[in-house]
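**Q** File structure-v7.cif follows (mmCIF, C-alpha atoms):
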```cif
data_upload
#
loop_
_atom_site.label_atom_id
_atom_site.label_comp_id
_atom_site.auth_asym_id
_atom_site.auth_seq_id
_atom_site.Cartn_x
_atom_site.Cartn_y
_atom_site.Cartn_z
CA MET A 1 12.27 -3.79 18.72
CA ARG A 2 9.44 -5.95 20.00
CA TYR A 3 7.13 -5.05 22.83
CA THR A 4 4.59 -7.10 24.75
CA ILE A 5 1.08 -6.06 25.75
CA TRP A 6 -0.67 -8.41 28.21
CA PHE A 7 -4.35 -9.12 28.65
CA ILE A 8 -6.24 -11.14 31.23
CA VAL A 9 -7.85 -14.42 30.28
CA LEU A 10 -11.59 -14.26 30.34
CA GLY A 11 -13.80 -17.08 31.56
CA THR A 12 -14.45 -20.13 29.46
CA ILE A 13 -17.55 -19.52 27.41
CA ALA A 14 -17.91 -22.59 25.22
CA LEU A 15 -20.87 -22.76 22.85
CA THR A 16 -21.61 -25.52 20.40
CA ALA A 17 -22.52 -24.90 16.80
CA CYS A 18 -25.92 -26.53 17.20
CA THR A 19 -27.02 -24.09 19.89
CA VAL A 20 -30.00 -22.11 18.55
CA ALA A 21 -29.83 -18.42 19.41
CA SER A 22 -32.97 -16.72 20.63
CA ASN A 23 -34.14 -13.13 20.61
CA ASN A 24 -33.35 -12.99 24.33
CA PRO A 25 -29.98 -14.68 24.74
CA THR A 26 -29.07 -16.07 28.13
CA ALA A 27 -27.33 -13.52 30.31
CA GLN A 28 -23.55 -13.86 30.29
CA PRO A 29 -21.02 -13.03 33.00
CA THR A 30 -20.17 -9.34 33.18
CA LEU A 31 -16.71 -8.67 31.81
CA PRO A 32 -14.39 -5.80 32.72
CA PRO A 33 -14.64 -2.83 30.33
CA THR A 34 -10.97 -3.23 29.48
CA ALA A 35 -8.22 -5.61 30.44
CA PRO A 36 -5.14 -4.23 32.18
CA VAL A 37 -2.60 -3.16 29.61
CA VAL A 38 1.10 -2.45 29.96
CA THR A 39 2.22 -0.12 27.17
CA PRO A 40 5.94 0.70 27.18
CA THR A 41 7.17 3.95 25.72
CA VAL A 42 8.66 3.17 22.33
CA SER A 43 10.55 5.02 19.67
CA THR A 44 9.60 5.11 16.03
CA PRO A 45 10.77 1.90 14.32
CA THR A 46 13.71 2.32 12.00
CA VAL A 47 13.41 1.55 8.31
CA LEU A 48 15.56 -0.56 6.05
CA ALA A 49 16.73 0.52 2.63
CA THR A 50 18.72 -2.60 1.77
CA PRO A 51 17.30 -5.49 -0.26
CA VAL A 52 15.76 -8.38 1.65
CA PRO A 53 17.67 -11.67 1.42
CA ILE A 54 15.72 -14.77 0.48
CA GLN A 55 15.70 -17.34 3.27
CA PRO A 56 13.87 -20.66 3.38
CA SER A 57 11.01 -20.77 5.87
CA VAL A 58 10.19 -23.58 8.28
CA ASP A 59 7.37 -25.82 7.11
CA PRO A 60 4.29 -25.52 9.38
CA PRO A 61 2.60 -28.61 10.84
CA THR A 62 0.60 -30.60 8.33
CA SER A 63 -2.06 -32.10 10.59
CA THR A 64 -4.17 -31.24 13.60
CA PRO A 65 -2.99 -32.99 16.79
CA THR A 66 -5.28 -35.70 18.12
CA ALA A 67 -5.18 -34.32 21.67
CA ALA A 68 -8.17 -32.25 22.76
CA ILE A 69 -7.80 -28.52 22.15
CA ASP A 70 -8.79 -26.01 24.84
CA PRO A 71 -7.63 -22.45 24.05
CA THR A 72 -9.55 -21.09 27.06
CA THR A 73 -6.85 -22.33 29.45
CA LEU A 74 -4.20 -19.99 28.04
CA THR A 75 -3.23 -16.37 28.64
CA TYR A 76 -3.02 -14.21 25.52
CA SER A 77 -0.78 -11.27 24.74
CA LEU A 78 0.22 -9.24 21.73
CA GLU A 79 3.80 -8.68 20.67
CA LYS A 80 4.22 -5.44 18.75
CA ILE A 81 6.19 -6.01 15.57
CA ALA A 82 5.86 -2.63 13.84
CA ASP A 83 3.91 0.61 14.12
CA ASN A 84 2.99 3.91 12.46
CA PHE A 85 1.02 2.55 9.52
CA ARG A 86 -1.87 4.65 8.25
CA ARG A 87 -5.20 2.82 8.59
CA PRO A 88 -3.85 -0.66 7.72
CA THR A 89 -6.40 -3.00 6.16
CA HIS A 90 -4.59 -6.23 5.33
CA LEU A 91 -1.45 -8.24 6.13
CA THR A 92 -0.05 -11.28 4.37
CA ASN A 93 3.15 -12.95 3.17
CA ALA A 94 4.33 -13.69 -0.34
CA GLY A 95 5.02 -17.38 0.20
CA ASP A 96 8.39 -16.99 -1.50
CA GLY A 97 10.71 -17.88 1.37
CA SER A 98 11.74 -14.27 1.97
CA ARG A 99 10.03 -14.11 5.39
CA ARG A 100 8.63 -10.69 4.51
CA LEU A 101 5.29 -9.36 5.65
CA PHE A 102 3.24 -7.05 3.44
CA VAL A 103 0.97 -4.44 5.02
CA VAL A 104 -1.77 -2.75 2.99
CA GLU A 105 -2.83 0.79 3.88
CA GLN A 106 -6.34 1.99 3.13
CA GLU A 107 -5.21 5.07 1.20
CA GLY A 108 -3.39 2.94 -1.37
CA GLN A 109 0.14 1.99 -0.33
CA ILE A 110 1.63 -1.44 0.36
CA TRP A 111 4.67 -1.73 2.64
CA VAL A 112 7.20 -4.46 3.36
CA ILE A 113 8.18 -5.47 6.90
CA TYR A 114 11.36 -7.45 7.21
CA ASP A 115 12.64 -8.64 10.60
CA GLY A 116 10.33 -6.22 12.39
CA GLN A 117 11.31 -3.17 10.38
CA ARG A 118 9.52 -1.40 7.57
CA LEU A 119 11.45 -0.76 4.38
CA SER A 120 11.96 2.88 3.47
CA GLU A 121 9.99 2.81 0.19
CA PRO A 122 6.56 1.26 -0.44
CA PHE A 123 6.25 -1.96 -2.38
CA LEU A 124 3.47 -0.32 -4.42
CA ASP A 125 1.78 3.07 -4.33
CA LEU A 126 -1.75 3.16 -5.80
CA ARG A 127 -2.99 6.33 -4.11
CA ALA A 128 -3.60 8.04 -7.46
CA GLN A 129 -6.30 5.55 -8.45
CA VAL A 130 -7.67 4.44 -5.07
CA GLY A 131 -10.71 6.15 -3.59
CA SER A 132 -10.76 5.91 0.21
CA ARG A 133 -13.11 8.66 1.38
CA GLY A 134 -15.68 6.18 2.69
CA ASN A 135 -14.93 4.31 5.90
CA GLU A 136 -15.08 0.96 4.07
CA GLN A 137 -13.45 2.08 0.84
CA GLY A 138 -9.81 2.05 -0.22
CA LEU A 139 -7.09 -0.47 -0.95
CA LEU A 140 -8.46 -3.53 0.83
CA SER A 141 -6.18 -6.51 0.16
CA ILE A 142 -3.32 -8.08 -1.75
CA ALA A 143 -2.97 -11.72 -2.85
CA PHE A 144 0.27 -13.23 -4.12
CA HIS A 145 0.09 -15.86 -6.81
CA PRO A 146 0.97 -19.35 -5.48
CA GLN A 147 3.96 -19.28 -7.87
CA PHE A 148 4.94 -15.71 -7.04
CA ALA A 149 8.55 -16.70 -6.41
CA ASN A 150 8.75 -17.74 -10.08
CA ASN A 151 6.33 -15.45 -11.90
CA GLY A 152 6.23 -12.28 -9.74
CA ARG A 153 2.44 -11.92 -10.11
CA PHE A 154 0.14 -10.53 -7.43
CA PHE A 155 -3.38 -9.10 -7.24
CA VAL A 156 -5.04 -6.22 -5.43
CA ASN A 157 -8.62 -5.28 -4.57
CA TYR A 158 -9.55 -1.62 -4.18
CA THR A 159 -12.32 0.90 -4.70
CA ASP A 160 -11.53 3.45 -7.37
CA ARG A 161 -12.20 7.19 -7.38
CA ASN A 162 -15.82 6.52 -8.35
CA GLY A 163 -16.27 4.02 -5.52
CA ASP A 164 -16.41 0.93 -7.74
CA THR A 165 -14.54 -2.27 -6.90
CA VAL A 166 -11.49 -3.09 -9.02
CA VAL A 167 -9.52 -6.33 -9.02
CA ALA A 168 -6.20 -5.83 -10.79
CA GLU A 169 -2.99 -7.76 -11.43
CA TYR A 170 0.53 -6.37 -11.00
CA ARG A 171 4.05 -7.76 -11.23
CA VAL A 172 7.16 -7.27 -9.17
CA SER A 173 10.00 -5.25 -10.72
CA THR A 174 13.65 -6.25 -10.96
CA ASP A 175 13.91 -5.06 -7.35
CA PRO A 176 12.16 -7.76 -5.25
CA ASN A 177 10.99 -5.09 -2.80
CA ARG A 178 9.32 -2.89 -5.43
CA ALA A 179 6.43 -3.68 -7.72
CA ASP A 180 6.24 -2.35 -11.25
CA PRO A 181 3.42 0.25 -11.18
CA ALA A 182 3.21 0.19 -14.98
CA SER A 183 2.38 -3.52 -15.01
CA GLY A 184 -1.18 -3.04 -13.78
CA ARG A 185 -3.90 -4.95 -15.61
CA GLU A 186 -7.58 -4.76 -14.63
CA LEU A 187 -9.28 -8.14 -14.33
CA LEU A 188 -12.67 -7.30 -12.91
CA ARG A 189 -14.73 -4.22 -12.11
CA ILE A 190 -17.93 -4.22 -10.03
CA ALA A 191 -20.17 -1.16 -9.83
CA GLN A 192 -20.92 -0.24 -6.23
CA PRO A 193 -24.25 1.44 -5.45
CA ALA A 194 -23.03 2.69 -2.04
CA ALA A 195 -19.80 3.40 -0.20
CA ASN A 196 -20.06 0.52 2.27
CA HIS A 197 -20.20 -3.28 2.17
CA ASN A 198 -17.44 -3.67 -0.40
CA GLY A 199 -16.07 -6.95 0.92
CA GLY A 200 -12.57 -6.62 -0.45
CA LEU A 201 -10.53 -9.73 0.30
CA LEU A 202 -8.60 -11.60 -2.37
CA LEU A 203 -7.29 -15.05 -1.50
CA PHE A 204 -5.94 -18.00 -3.44
CA GLY A 205 -7.56 -21.24 -2.38
CA PRO A 206 -5.90 -24.64 -2.01
CA ASP A 207 -7.15 -25.36 -5.54
CA GLY A 208 -5.04 -22.53 -6.99
CA TYR A 209 -8.01 -20.37 -7.98
CA LEU A 210 -8.51 -16.77 -6.89
CA TYR A 211 -11.43 -16.14 -4.52
CA ILE A 212 -13.00 -12.68 -4.19
CA GLY A 213 -15.31 -11.60 -1.37
CA THR A 214 -17.97 -9.01 -2.27
CA GLY A 215 -20.50 -7.24 -0.06
CA ASP A 216 -24.16 -6.72 -0.85
CA GLY A 217 -23.65 -3.19 -2.17
CA GLY A 218 -24.52 -1.33 1.03
CA GLY A 219 -27.66 0.20 2.40
CA ALA A 220 -29.42 -1.21 5.45
CA GLY A 221 -31.13 -4.56 4.99
CA ASP A 222 -29.80 -5.27 1.48
CA PRO A 223 -32.37 -3.17 -0.43
CA LEU A 224 -31.25 -4.72 -3.73
CA ASP A 225 -31.70 -8.26 -2.35
CA ALA A 226 -28.25 -8.80 -3.86
CA GLY A 227 -27.36 -11.57 -1.46
CA GLN A 228 -30.02 -13.92 -2.86
CA ARG A 229 -29.77 -12.90 -6.51
CA LEU A 230 -27.53 -14.81 -8.91
CA ASP A 231 -27.56 -12.10 -11.60
CA THR A 232 -25.22 -9.81 -9.63
CA LEU A 233 -21.70 -10.25 -8.27
CA LEU A 234 -22.64 -8.39 -5.07
CA GLY A 235 -23.07 -10.35 -1.83
CA LYS A 236 -21.00 -13.27 -3.07
CA LEU A 237 -17.83 -15.29 -2.92
CA LEU A 238 -16.41 -15.38 -6.45
CA ARG A 239 -13.92 -17.87 -7.91
CA ILE A 240 -11.87 -17.30 -11.07
CA ASP A 241 -8.90 -18.82 -12.89
CA VAL A 242 -6.23 -16.16 -13.40
CA ASP A 243 -3.81 -18.52 -15.16
CA ASN A 244 -5.87 -18.94 -18.31
CA GLY A 245 -7.85 -16.66 -20.58
CA GLN A 246 -7.96 -12.87 -20.92
CA PRO A 247 -8.42 -11.48 -18.39
CA TYR A 248 -9.44 -14.74 -16.69
CA THR A 249 -11.51 -17.89 -17.21
CA ILE A 250 -14.21 -19.58 -15.18
CA PRO A 251 -13.24 -22.89 -13.53
CA ALA A 252 -15.15 -25.76 -15.11
CA ASP A 253 -16.60 -26.83 -11.75
CA ASN A 254 -18.00 -23.43 -10.73
CA PRO A 255 -21.57 -24.23 -9.66
CA PHE A 256 -23.44 -21.68 -11.81
CA LEU A 257 -21.35 -21.90 -14.95
CA ASN A 258 -24.20 -23.15 -17.13
CA ARG A 259 -27.25 -21.81 -15.32
CA ASN A 260 -29.37 -19.31 -17.21
CA GLY A 261 -29.61 -15.96 -15.48
CA ALA A 262 -26.69 -16.67 -13.16
CA LEU A 263 -23.19 -15.21 -13.34
CA PRO A 264 -20.55 -17.92 -13.74
CA GLU A 265 -18.00 -16.30 -11.39
CA ILE A 266 -20.20 -17.04 -8.37
CA TRP A 267 -18.94 -19.75 -6.01
CA ALA A 268 -21.26 -19.00 -3.06
CA TYR A 269 -23.98 -16.46 -2.26
CA GLY A 270 -26.18 -15.08 0.52
CA LEU A 271 -23.44 -12.92 2.09
CA ARG A 272 -23.81 -9.45 3.58
CA ASN A 273 -20.23 -8.28 3.90
CA PRO A 274 -17.61 -11.06 4.05
CA TRP A 275 -14.83 -8.65 5.02
CA ARG A 276 -12.41 -11.48 5.84
CA PHE A 277 -12.37 -15.21 5.07
CA THR A 278 -9.64 -17.83 5.09
CA PHE A 279 -8.82 -21.37 4.03
CA ASP A 280 -7.34 -23.96 6.36
CA ALA A 281 -5.70 -26.26 3.84
CA VAL A 282 -4.77 -28.83 6.51
CA ASP A 283 -8.37 -29.62 7.44
CA ASN A 284 -9.82 -28.43 4.08
CA ILE A 285 -12.13 -25.86 5.68
CA LEU A 286 -13.26 -22.45 4.44
CA PHE A 287 -14.04 -19.95 7.21
CA ILE A 288 -16.16 -16.90 6.33
CA ALA A 289 -16.85 -14.18 8.89
CA ASP A 290 -19.88 -12.25 7.69
CA VAL A 291 -20.60 -8.82 9.20
CA GLY A 292 -24.14 -8.59 10.57
CA GLN A 293 -26.92 -6.03 10.36
CA ASN A 294 -28.56 -5.07 13.66
CA ALA A 295 -28.22 -7.96 16.05
CA TRP A 296 -25.79 -10.76 15.21
CA GLU A 297 -22.26 -11.37 13.93
CA GLU A 298 -21.43 -14.77 12.48
CA VAL A 299 -18.67 -17.15 11.46
CA ASN A 300 -19.25 -19.95 8.96
CA ALA A 301 -17.09 -23.05 8.45
CA VAL A 302 -17.66 -25.37 5.50
CA PRO A 303 -15.65 -27.84 3.41
CA ALA A 304 -13.38 -25.83 1.15
CA ASN A 305 -14.64 -27.63 -1.97
CA ALA A 306 -18.37 -27.21 -1.22
CA ALA A 307 -19.80 -25.28 -4.18
CA GLY A 308 -22.96 -23.25 -4.60
CA LEU A 309 -23.73 -22.74 -0.90
CA ASN A 310 -26.26 -20.16 0.26
CA TYR A 311 -25.24 -18.40 3.50
CA GLY A 312 -28.71 -16.98 4.02
CA TRP A 313 -28.53 -13.18 3.89
CA ARG A 314 -30.97 -11.36 3.72
CA LEU A 315 -33.33 -14.16 4.68
CA MET A 316 -31.34 -14.63 7.87
CA GLU A 317 -28.94 -12.71 10.09
CA GLY A 318 -26.87 -15.15 12.11
CA GLU A 319 -29.25 -17.90 13.20
CA GLN A 320 -32.32 -15.66 13.18
CA CYS A 321 -34.78 -14.84 10.41
CA TYR A 322 -34.33 -11.28 9.20
CA ARG A 323 -36.52 -10.65 6.16
CA PRO A 324 -39.15 -11.92 6.25
CA ALA A 325 -39.54 -12.20 10.03
CA THR A 326 -40.41 -15.85 9.60
CA CYS A 327 -38.43 -17.90 7.11
CA ASP A 328 -37.54 -21.42 6.13
CA PRO A 329 -33.82 -22.06 6.79
CA SER A 330 -33.84 -25.33 4.89
CA GLY A 331 -30.90 -25.56 2.53
CA LEU A 332 -29.09 -22.57 4.04
CA VAL A 333 -25.66 -22.68 5.67
CA MET A 334 -26.00 -22.13 9.40
CA PRO A 335 -23.09 -20.40 11.16
CA VAL A 336 -20.91 -22.38 13.55
CA ALA A 337 -20.51 -19.35 15.82
CA VAL A 338 -22.52 -16.20 16.48
CA TYR A 339 -22.30 -13.37 18.98
CA PRO A 340 -24.78 -10.59 19.71
CA HIS A 341 -24.66 -6.82 19.54
CA ASP A 342 -25.39 -4.78 22.68
CA SER A 343 -23.73 -7.25 25.04
CA ALA A 344 -20.53 -7.38 27.07
CA ILE A 345 -19.51 -10.47 25.14
CA GLY A 346 -20.62 -9.07 21.82
CA GLY A 347 -19.74 -6.18 19.56
CA CYS A 348 -20.81 -4.70 16.26
CA SER A 349 -18.55 -5.89 13.43
CA VAL A 350 -16.74 -9.21 13.15
CA THR A 351 -13.20 -9.27 11.77
CA GLY A 352 -12.54 -12.72 10.39
CA GLY A 353 -9.24 -14.29 11.35
CA GLU A 354 -6.87 -17.16 10.73
CA VAL A 355 -6.26 -20.74 11.81
CA TYR A 356 -3.05 -21.18 13.78
CA ARG A 357 -0.61 -23.52 12.04
CA GLY A 358 2.63 -22.16 13.47
CA ILE A 359 5.57 -23.79 15.20
CA ARG A 360 6.03 -21.58 18.27
CA GLN A 361 2.79 -22.41 20.06
CA PRO A 362 1.72 -26.04 19.53
CA ALA A 363 -1.19 -25.70 21.97
CA LEU A 364 -2.93 -23.44 19.43
CA ILE A 365 -2.63 -25.66 16.38
CA GLY A 366 -5.98 -25.91 14.62
CA VAL A 367 -7.62 -23.00 16.47
CA TYR A 368 -9.29 -20.26 14.43
CA PHE A 369 -9.03 -16.80 16.00
CA TYR A 370 -11.26 -13.85 15.14
CA ALA A 371 -12.18 -10.52 16.75
CA ASP A 372 -14.75 -7.77 17.01
CA PHE A 373 -13.68 -4.44 15.58
CA CYS A 374 -15.67 -2.32 18.06
CA THR A 375 -15.11 -4.01 21.42
CA GLY A 376 -11.70 -5.61 20.96
CA ASN A 377 -13.08 -9.00 21.94
CA LEU A 378 -10.84 -11.87 20.79
CA TRP A 379 -12.58 -15.16 20.09
CA ALA A 380 -11.34 -18.69 19.55
CA LEU A 381 -13.18 -21.28 17.46
CA TRP A 382 -12.09 -24.91 17.47
CA ARG A 383 -13.41 -28.40 17.01
CA ASN A 384 -13.10 -31.29 19.46
CA THR A 385 -14.41 -34.74 18.49
CA GLY A 386 -16.22 -33.19 15.55
CA GLU A 387 -18.07 -30.56 17.61
CA TRP A 388 -17.50 -26.85 17.04
CA ARG A 389 -16.92 -24.70 20.11
CA HIS A 390 -16.17 -21.03 20.47
CA ALA A 391 -15.16 -18.89 23.41
CA LEU A 392 -14.22 -15.33 24.26
CA VAL A 393 -10.58 -15.61 25.33
CA ALA A 394 -9.35 -12.02 25.74
CA ARG A 395 -10.25 -8.37 25.35
CA LEU A 396 -7.77 -6.43 23.26
CA ASN A 397 -7.18 -2.71 23.36
CA LEU A 398 -7.29 -2.65 19.56
CA GLN A 399 -9.63 -2.01 16.67
CA THR A 400 -8.67 -5.11 14.74
CA THR A 401 -9.04 -4.49 11.02
CA SER A 402 -7.48 -7.74 9.82
CA PHE A 403 -5.55 -10.86 10.72
CA GLY A 404 -2.68 -12.35 8.74
CA LEU A 405 -0.09 -15.12 8.69
CA ASP A 406 3.64 -15.23 8.21
CA GLU A 407 5.34 -18.05 6.33
CA ASP A 408 5.66 -20.09 9.52
CA GLY A 409 1.92 -19.95 10.24
CA GLU A 410 2.13 -17.45 13.12
CA ILE A 411 -0.90 -15.14 13.48
CA TYR A 412 -0.74 -11.34 13.29
CA LEU A 413 -3.36 -8.66 13.97
CA LEU A 414 -3.61 -5.17 12.53
CA ASP A 415 -4.83 -2.25 14.61
CA ARG A 416 -6.59 0.58 12.78
CA ALA A 417 -4.39 2.97 14.79
CA GLY A 418 -1.37 1.63 12.90
CA GLY A 419 0.16 -1.22 14.89
CA VAL A 420 1.15 -4.70 13.73
CA TYR A 421 1.02 -7.35 16.44
CA ARG A 422 1.84 -11.06 16.73
CA LEU A 423 -0.54 -13.18 18.80
CA VAL A 424 1.17 -14.95 21.70
CA ALA A 425 -0.31 -17.45 24.14
CA GLY A 426 1.10 -18.90 27.35
CA ASP A 427 0.05 -20.88 30.41
#
```
Hey, can you dump this file as C-alpha cells for me?

**A**
Amino acid sequence: MRYTIWFIVLGTIALTACTVASNNPTAQPTLPPTAPVVTPTVSTPTVLATPVPIQPSVDPPTSTPTAAIDPTTLTYSLEKIADNFRRPTHLTNAGDGSRRLFVVEQEGQIWVIYDGQRLSEPFLDLRAQVGSRGNEQGLLSIAFHPQFANNGRFFVNYTDRNGDTVVAEYRVSTDPNRADPASGRELLRIAQPAANHNGGLLLFGPDGYLYIGTGDGGGAGDPLDAGQRLDTLLGKLLRIDVDNGQPYTIPADNPFLNRNGALPEIWAYGLRNPWRFTFDAVDNILFIADVGQNAWEEVNAVPANAAGLNYGWRLMEGEQCYRPATCDPSGLVMPVAVYPHDSAIGGCSVTGGEVYRGIRQPALIGVYFYADFCTGNLWALWRNTGEWRHALVARLNLQTTSFGLDEDGEIYLLDRAGGVYRLVAGD
C-alpha cells in the first residue's frame, strides 16, 4: 500500500550564498507550528519471502534543464512506502537493476524493500558486533560497490561495542537478498573519544573511490581541535581505493599523500559532524551538510574533484567565527546555505539530502533537498544562472534521519519513528 501525507507550502524565502549572516539575523515570517496532516489508518505492511527479480531501471536525466528552477512554487507531500522499521539511519539502492531499496537500522540490521514491501528476513544482521547505546552510535550506513551486480561487494560503517568506528566489507551470498555474514573484512577502525559526532556515511564518488565522513570525536566545541588537525582521521572526509591493496590503497591524487605529519586518507578537513553528504554526478558537485554547534547549521557545495579543502570548523560555525571569536576566513570553504537555531525557520541538526534526478517530477530536476531533524523543516537548495538560492518549502511531521535515492533518482526520506517516504511535489 501507499499513503499520502500532505503539507502546506511555506512562503518563498530565497537567500543567496553570498549573504553574510549576522549575530542578529533579520526577523523572518512566523510559520505555523505544524502543517495540517492527513494520516490514514493503515495496517502493517506485508512481507515478501520470495526472491526479487532483476529488472532494468530507467536511466535518469543526464543534464540540468536550462529553464529557471523555482521549487518554492510547488506543494510538497510524502508518500509512505513502508513502515515499522526500528530507528532507521540510512536508505540506498544497490545500482544493480533490481529496483530494491535497502534500509539500515541503528541496532544493526539491514532490510530489503521491494515494490513497497519488506522482505521477511534481513539482508544482513550485525547486531552482535554493533554498539548502539549512544544516540549517534550504531549501524550508520551501507555503500554498494559500483560493480556490485558483478562482484557482490558492499561496505558498512558502524560503531562497535567499544564505541569505535569500523568500516568493513561484506559480500552477498548465493541468495541475492541475503549477505554472507562470514564474509566480513575490516578495512578501517577509528578510535572514538566520545559517543557522539561519529559521522558515519559511506559513499562511492563518481571517481569510483570510497568516501567516508567522520565527526570531530564529540565533546562541545571540538576540544581535540580535530577538525583542523591533519594527524587524525576525525573531523574529515576520507577517500580510499578499495579495489587495490590490502585492505585498501590511497589514491595517488589524495591531497595529503606525501605531506609529513598528515594522514594520507584525508580528502577534506574542518568538519564537525558531516552526518550526510552526497555527490551530484551530473553537475559534478559534492554537497556536505555539517551539523552545527550552538547557533548555525550549514550546507556546503563544491566541485566534486576539489581536493584538500578546509570547511572551517572549529574556526567557524556556519558563516560566523566560533573559536577564536575573531578569525580570518581566508582560504576556508564558506557554506552556500545556513539556517539558525532558535528560530521558526531554523532547527538544531541538519540532515543532508539528495539532488533530484528522477523521471516523475521534471520540475525538481537539479534541486537539492535537505531537512532539519528537530523541527521537520524541509529545505530546497538550487542554482539559477550560477547563483545559489535556498528556501524553506515545507514543514514535515517527521524526524528525518536520512535521505536516499532509488535507481530512478526519486528521493526518499526516513523517519526515526520507522517510516519510509517518497518525496512528491505538485502544483

**Q** Can you give me, as an NGL selection string, the residues this file yields under the PyMOL selection byres ((chain A and resi 289) around 9)?

**A** :A and (273-278 or 287-288 or 290-291 or 297-301 or 350-353 or 370)

**Q** So the first atom is atom CA of Asn254 of chain A and the second is atom CA of Pro303 of chain A; what is the distance between them in Å, to one decimal place?

**A** 15.0 Å

**Q** When you draw a straight line from atom CA of Ile359 of chain A to atom CA of Gly426 of chain A, how long is it in Å?

**A**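 Distance between the two atoms: 13.8 Å.
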
**Q** Residue by residue, what does the PyMOL selection byres ((chain A and resi 374) around 6) grab here? Present the result as a ChimeraX atom specification.

**A** /A:347-348,372-373,375-376

**Q** Step by step, work through what the PyMOL selection byres ((chain A and resi 189-196) around 10) selects in the shown file, and finish by giving those residues as a compact mmCIF listing (two decimals) with C-alpha atoms, keeping the file's coordinate frame.

**A**
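Okay, this is what ended up in selection.txt:
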```txt
# COMPACT_ATOMS: atom_id res chain seq x y z
CA SER A 132 -10.76 5.91 0.21
CA ARG A 133 -13.11 8.66 1.38
CA GLY A 134 -15.68 6.18 2.69
CA ASN A 135 -14.93 4.31 5.90
CA GLU A 136 -15.08 0.96 4.07
CA GLN A 137 -13.45 2.08 0.84
CA ASN A 157 -8.62 -5.28 -4.57
CA TYR A 158 -9.55 -1.62 -4.18
CA THR A 159 -12.32 0.90 -4.70
CA ASP A 160 -11.53 3.45 -7.37
CA ASN A 162 -15.82 6.52 -8.35
CA GLY A 163 -16.27 4.02 -5.52
CA ASP A 164 -16.41 0.93 -7.74
CA THR A 165 -14.54 -2.27 -6.90
CA VAL A 166 -11.49 -3.09 -9.02
CA VAL A 167 -9.52 -6.33 -9.02
CA ALA A 168 -6.20 -5.83 -10.79
CA GLU A 186 -7.58 -4.76 -14.63
CA LEU A 187 -9.28 -8.14 -14.33
CA LEU A 188 -12.67 -7.30 -12.91
CA HIS A 197 -20.20 -3.28 2.17
CA ASN A 198 -17.44 -3.67 -0.40
CA GLY A 199 -16.07 -6.95 0.92
CA THR A 214 -17.97 -9.01 -2.27
CA GLY A 215 -20.50 -7.24 -0.06
CA ASP A 216 -24.16 -6.72 -0.85
CA GLY A 217 -23.65 -3.19 -2.17
CA GLY A 218 -24.52 -1.33 1.03
CA GLY A 219 -27.66 0.20 2.40
CA LEU A 224 -31.25 -4.72 -3.73
CA THR A 232 -25.22 -9.81 -9.63
CA LEU A 233 -21.70 -10.25 -8.27
CA LEU A 234 -22.64 -8.39 -5.07
CA ASN A 273 -20.23 -8.28 3.90
```

**Q** List the neighbours of Ser330 of chain A out to 12 Å using only C-alpha atoms; skip same-chain residues closer than 4 positions along the sequence, and give me the result as a list in words.

**A**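 Selected residues are Leu309, Asn310, Tyr311, Gly312, Leu315, Met316, Cys321 and Met334 of chain A.
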
**Q** Pick the closest to Arg185 of chain A from A:Gln246, A:Gln109, A:Asn150, A:Gln228: which is it, counting only C-alpha atoms?

**A**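 Of the candidates, the smallest distance to Arg185 of chain A is held by A:Gln246.
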
**Q** As lines of an AutoDock Vina configuration file, what would the box around segment 371-382 of chain A look like: edges along x, y and z, 6 Å added on every side, centre and edge lengths in Å to one decimal?

**A**
```
center_x = -13.3
center_y = -13.6
center_z = 18.8
size_x = 16.8
size_y = 34.6
size_z = 18.4
```

**Q** Hey, what's within 9 Å of Arg178 of chain A if we count all atoms listed in the file and toss same-chain stuff fewer than 2 positions away? As a list in words, please?

**A** Glu121, Pro122, Phe123, Leu124, Val172, Ser173, Thr174, Asp175, Pro176, Asp180 and Pro181 of chain A

**Q** Restricting the calculation to only C-alpha atoms, which member of A:Gly346, A:Pro340, A:Gly227, A:Gly200 is positioned closest to Leu378 of chain A?

**A** A:Gly346

**Q** Determine, counting only C-alpha atoms, which protein, DNA and RNA residues have an atom within 6 Å of an atom of segment 84-95 of chain A; residues of the same chain fewer than 5 positions away are not included. Present the result as a list in words.

**A**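 Here the answer would be Leu101, Phe102, Val103, Val104, Glu105, Gln106, Leu140, Ser141, Phe144, Thr401, Ser402, Gly404, Leu405, Asp406, Arg416 and Gly418 of chain A.
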
**Q** Excluding Ala304 of chain A and residues on its chain fewer than 5 positions from it, collect all residues at most 9 Å away from it, counting all atoms listed in the file, and give them as a list in words.

**A**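 Once the adjacent positions are removed, what remains is Gly205, Pro206, Phe279, Asp280, Ala281, Asp283, Asn284, Ile285, Leu286 and Phe287 of chain A.
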
**Q** If you measure from atom CA of Arg272 of chain A to atom CA of Ala295 of chain A, what distance in Å do you get, rounded to one decimal?

**A**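 Those two atoms sit 13.3 Å apart.
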
**Q** Using only C-alpha atoms, which protein or nucleic acid residues come within 10 Å of Tyr356 of chain A? Drop anything in the same chain fewer than 5 positions from it, and give the result as a list in words.

**A** Pro60, Pro61, Asp280, Gln361, Pro362, Ala363, Leu364, Ile365, Gly366, Val367, Tyr368, Phe369, Leu405, Asp408, Gly409, Glu410, Ile411 and Leu423 of chain A

**Q** Taking only C-alpha atoms into account, name the residue in A:Ser349, A:Asn377, A:Asn305, A:Thr326 that is nearest to Trp267 of chain A.

**A** A:Asn305

**Q** Which one of A:Arg239, A:His390, A:Arg118, A:Arg161 sits closest to Ala307 of chain A if you count only C-alpha atoms?

**A**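 Checking each candidate against Ala307 of chain A, we get A:Arg239 as the closest.
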